[in-house]
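*Asks:* After the structure tokens below, expect a handful of questions from me.
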Amino acid sequence: MSSQSINQTLETTIPIAAPQPLLGLSLPELTDWVVSQGQPAYRGRQLYEWIYKKGVRSLVDISVFPKTWRAAVADVSIGRSQIHYRSVAPDETVKYLLQLADGKIIETVGIPTEKRLTVCVSTQVGCPMACDFCATGKGGFMRNLVVHEIIDQVLTVQEDLQRRVSHIVFMGMGEPLLNTAHVVAAVKSLNQDVGIGQRGMTISTVGIPGHIIRLAQYQLQATLAVSLHAANQALREKLIPSARHYPLENLIDECRQYVQMTGRRITFEYILLAGVNDNIKQAAELAQLLRGFQTHVNLIPYNPIREADYQRPTFRGIQAFVDVLHQHQIAVSVRYSRGLEADAACGQLRATQA
Ligand code: SF4
């Protein structure tokens with residue numbers, strides 16, 4: 001199948017199961033809806049505050065509304081999920097399995113530190129990219145998430161941890177750029193309605209031909225993170241099967257165009273797999289590939305899963321890789337997955353508990 005037909009198949013023919021509930025609607029849209037129900041327009045502002053600021057889960061609970069109207073609209077969905085499973089790691093990372101209206105289960109992670117509360121959100125139920133090292137990729141793909149299902153994940157963590165969310169990473173289940181319209185709408189609503197700065201958001205992709213440029217056209221302030229995981233085409237295809245539709249040089253070209261169009265930097269993500277992509281020659285190859293980019297590389301030592309044989313490199317091996325990137329003047333961080341004890345690998349919790 002060509003990359004174009006893959007894009008079309010994935011983005012235009014995926015059924016969207018849930019009808020649109022109120023979460024995700026703007027203040028004017030909520031006001032229009034309230035007025036269409038025969039209520040005064042000021043109730044639109046009340047509804048907006050209760051949905052986005054108080055995180056109400058049912059219209060029945062909005063105490064400032066008249067009881068008779070609450071009863072009349074009791075069946076109207078706000079669009080909140082149910083917590084199906086919750087686990088807390090010793091480092092306080094909280095992993096959630098959330099049950100959607102159609103019964104599907106997705107993963108969300110809340111990562112608290114002293115100064116930040118970051119939420120790792122899913123953008124699809126499952127994932128079609130089938131990355132060889134990823135539990136979600138092994139589990140197949142079901143459907144895209146819609147706007148309210150993405151926003152709900154953030155509100156759920158905020159409510160559960162009783163703390164404002166400061167950062168959002170679109171790095172949970174799914175490939176965000178196969179669901180760009182809903183992801184962009186969610187970014188805008190999370191910014192305007194929930195009040196989280198776009199600069200605190202990161203959208204991650206393994207790269208879909210043409211979709212990075214398409215994202216650039218939205219001129220978001222969110223950071224784009226491109227998952228490379230290999231600096232040559234042959235190895236990348238082994239780790240990310242969909243990469244065979246997208247030569248690495250084309251991906252890098254598209255990244256350069258993104259930088260030109262947006263004036264924003266790109267972060268590159270690289271999972272370190274022991275004995276696969278972690279030797280110093282490969283580090284030099286990565287440095288060469290990224291020559292000329294004002295960039296930051298996030299190295300992610302692999303978090304082993306039972307569904308795949310990959311292992312995490314040693315600390316010395318990781319440090320040697322970092323040293324080579326530093327020698328080439330590439331800014332680099334090593335990002336250890338939080339919550340290892342709570343099945344922290346992508347898709348792992350869902351695989352064991354759903
Ligand atoms: S690593 Fe990301 S893109 Fe790859 S299969 Fe897993 S969820 Fe999908």
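By convention in this document, the chains of the structure tokens carry letters A, B, ... by their order, each chain's residues are numbered from 1, and ligands are numbered from 1 in the order they are shown.
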Can you work out which residues are within 10 Å of ligand 1, considering only C-alpha atoms and all ligand atoms, and then hand them over as a PyMOL selection string?
*Replies:* chain A and resi 122-141+170-178+204-207+227+229+239-242+271+345-347
*Asks:* Kindly export the residues of the current selection with N, CA and C atoms, as a CSV table (one decimal), in the first residue's frame.
*Replies:*
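part.csv written:
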chain,number,residue,atom,x,y,z
A,122,SER,N,-3.3,9.7,25.6
A,122,SER,CA,-3.5,8.9,24.5
A,122,SER,C,-4.3,9.6,23.4
A,123,THR,N,-4.0,9.3,22.1
A,123,THR,CA,-4.8,10.0,21.1
A,123,THR,C,-5.5,8.9,20.2
A,124,GLN,N,-5.3,7.7,20.4
A,124,GLN,CA,-6.0,6.6,19.7
A,124,GLN,C,-6.2,5.5,20.7
A,125,VAL,N,-7.2,4.6,20.3
A,125,VAL,CA,-7.4,3.4,21.1
A,125,VAL,C,-6.5,2.4,20.3
A,126,GLY,N,-5.4,2.0,21.0
A,126,GLY,CA,-4.4,1.1,20.3
A,126,GLY,C,-3.6,2.0,19.4
A,127,CYS,N,-2.9,1.4,18.5
A,127,CYS,CA,-2.0,2.2,17.5
A,127,CYS,C,-1.7,1.3,16.3
A,128,PRO,N,-1.8,1.9,15.1
A,128,PRO,CA,-1.5,1.1,13.9
A,128,PRO,C,-0.1,1.1,13.5
A,129,MET,N,0.8,1.8,14.2
A,129,MET,CA,2.2,1.9,13.8
A,129,MET,C,3.0,0.7,14.1
A,130,ALA,N,2.6,-0.1,15.0
A,130,ALA,CA,3.2,-1.4,15.3
A,130,ALA,C,4.7,-1.4,15.5
A,131,CYS,N,5.2,-0.4,16.3
A,131,CYS,CA,6.6,-0.3,16.6
A,131,CYS,C,6.9,-1.6,17.4
A,132,ASP,N,8.1,-2.2,17.0
A,132,ASP,CA,8.4,-3.5,17.5
A,132,ASP,C,8.7,-3.6,19.0
A,133,PHE,N,9.0,-2.5,19.6
A,133,PHE,CA,9.4,-2.5,21.0
A,133,PHE,C,8.2,-2.1,21.9
A,134,CYS,N,7.0,-1.9,21.4
A,134,CYS,CA,6.0,-1.2,22.1
A,134,CYS,C,4.8,-2.1,22.3
A,135,ALA,N,4.3,-2.1,23.6
A,135,ALA,CA,3.2,-3.0,23.9
A,135,ALA,C,1.9,-2.5,23.3
A,136,THR,N,1.7,-1.2,23.1
A,136,THR,CA,0.5,-0.7,22.4
A,136,THR,C,0.6,-1.2,21.0
A,137,GLY,N,1.7,-1.0,20.3
A,137,GLY,CA,1.9,-1.4,18.9
A,137,GLY,C,1.6,-2.9,18.7
A,138,LYS,N,1.9,-3.7,19.8
A,138,LYS,CA,1.6,-5.2,19.6
A,138,LYS,C,0.1,-5.5,19.7
A,139,GLY,N,-0.6,-4.5,20.4
A,139,GLY,CA,-2.0,-4.8,20.6
A,139,GLY,C,-3.0,-4.4,19.5
A,140,GLY,N,-2.4,-3.8,18.4
A,140,GLY,CA,-3.3,-3.5,17.3
A,140,GLY,C,-4.0,-2.1,17.5
A,141,PHE,N,-4.8,-1.8,16.5
A,141,PHE,CA,-5.5,-0.5,16.5
A,141,PHE,C,-7.0,-0.6,16.4
A,170,PHE,N,1.6,14.4,24.4
A,170,PHE,CA,0.8,13.5,23.5
A,170,PHE,C,1.7,12.4,23.1
A,171,MET,N,1.9,11.5,24.1
A,171,MET,CA,2.9,10.4,23.9
A,171,MET,C,2.3,9.1,24.4
A,172,GLY,N,1.0,9.1,24.7
A,172,GLY,CA,0.4,7.8,25.2
A,172,GLY,C,0.1,6.9,24.0
A,173,MET,N,-1.0,6.2,24.1
A,173,MET,CA,-1.3,5.2,23.0
A,173,MET,C,-1.6,6.0,21.8
A,174,GLY,N,-1.1,5.5,20.6
A,174,GLY,CA,-1.5,6.1,19.4
A,174,GLY,C,-0.5,7.0,18.7
A,175,GLU,N,-0.7,7.3,17.5
A,175,GLU,CA,0.1,8.2,16.7
A,175,GLU,C,-0.7,9.5,16.5
A,176,PRO,N,-0.3,10.5,17.2
A,176,PRO,CA,-1.1,11.8,17.2
A,176,PRO,C,-1.4,12.3,15.8
A,177,LEU,N,-0.4,12.2,14.9
A,177,LEU,CA,-0.6,12.9,13.6
A,177,LEU,C,-1.5,12.0,12.6
A,178,LEU,N,-1.9,10.9,13.1
A,178,LEU,CA,-3.0,10.2,12.3
A,178,LEU,C,-4.3,10.6,12.8
A,204,SER,N,4.0,14.2,20.0
A,204,SER,CA,5.0,13.3,19.6
A,204,SER,C,4.6,12.5,18.3
A,205,THR,N,5.5,12.3,17.4
A,205,THR,CA,5.2,11.5,16.2
A,205,THR,C,6.3,10.6,15.8
A,206,VAL,N,6.0,9.5,15.2
A,206,VAL,CA,7.1,8.7,14.5
A,206,VAL,C,7.3,9.2,13.1
A,207,GLY,N,6.4,10.0,12.6
A,207,GLY,CA,6.5,10.6,11.3
A,207,GLY,C,5.5,9.9,10.3
A,227,SER,N,10.1,11.0,16.9
A,227,SER,CA,10.7,9.8,17.4
A,227,SER,C,11.5,9.2,16.3
A,229,HIS,N,14.6,6.9,16.9
A,229,HIS,CA,14.9,5.6,17.4
A,229,HIS,C,16.0,4.9,16.6
A,239,LEU,N,12.6,-1.3,13.5
A,239,LEU,CA,12.0,-0.9,14.8
A,239,LEU,C,10.6,-0.3,14.6
A,240,ILE,N,10.4,0.4,13.5
A,240,ILE,CA,9.1,1.1,13.2
A,240,ILE,C,8.7,0.6,11.8
A,241,PRO,N,7.9,-0.4,11.7
A,241,PRO,CA,7.6,-1.0,10.3
A,241,PRO,C,7.0,0.1,9.3
A,242,SER,N,6.3,1.0,9.9
A,242,SER,CA,5.7,2.0,9.0
A,242,SER,C,6.7,2.9,8.3
A,271,ILE,N,14.8,6.1,21.6
A,271,ILE,CA,14.8,5.0,22.6
A,271,ILE,C,16.1,4.2,22.5
A,345,ALA,N,5.8,1.0,30.8
A,345,ALA,CA,6.0,1.0,29.3
A,345,ALA,C,4.7,1.3,28.6
A,346,CYS,N,4.9,1.9,27.5
A,346,CYS,CA,3.7,2.3,26.6
A,346,CYS,C,2.8,1.1,26.4
A,347,GLY,N,1.5,1.2,26.8
A,347,GLY,CA,0.6,0.2,26.5
A,347,GLY,C,0.6,-1.1,27.4
*Asks:* From the DSSP assignment of the backbone, select every residue of stretch 158-191 of chain A that is strand (DSSP E), and format the answer as a ChimeraX atom specification.
*Replies:* /A:167-170
*Asks:* Kindly export the residues of the current selection with C-alpha atoms, as a compact mmCIF listing (two decimals), in the first residue's frame.
*Replies:*
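Saved result, part29.txt, follows:
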# COMPACT_ATOMS: atom_id res chain seq x y z
CA HIS A 167 2.20 20.12 31.09
CA ILE A 168 0.75 17.69 28.56
CA VAL A 169 2.64 15.22 26.39
CA PHE A 170 0.80 13.55 23.53
*Asks:* Tell me which protein, DNA and RNA residues are within 8 Å of A:Ser87, counting only C-alpha atoms, leaving out same-chain ones fewer than 2 positions away, and put them as number ranges by chain.
*Replies:* A: 85, 89, 94-96, 342
*Asks:* Show which residues sit within 9 Å of A:Val194, as number ranges by chain. Count only C-alpha atoms, and ignore same-chain residues fewer than 6 positions away.
*Replies:* A: 52-53, 151, 155
*Asks:* From the set A:Ala274, A:Ala216, A:Phe65, A:Phe315, which residue has the shortest atom-to-atom contact distance to A:Gln260, counting only C-alpha atoms?
*Replies:*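 Of A:Ala274, A:Ala216, A:Phe65, A:Phe315, the one nearest A:Gln260, counting only C-alpha atoms, is A:Ala216.
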*Asks:* By how many Å are atom CA of A:Thr93 and atom CA of A:Asp152 apart?
*Replies:*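 Between atom CA of A:Thr93 and atom CA of A:Asp152 the gap is 18.4 Å.
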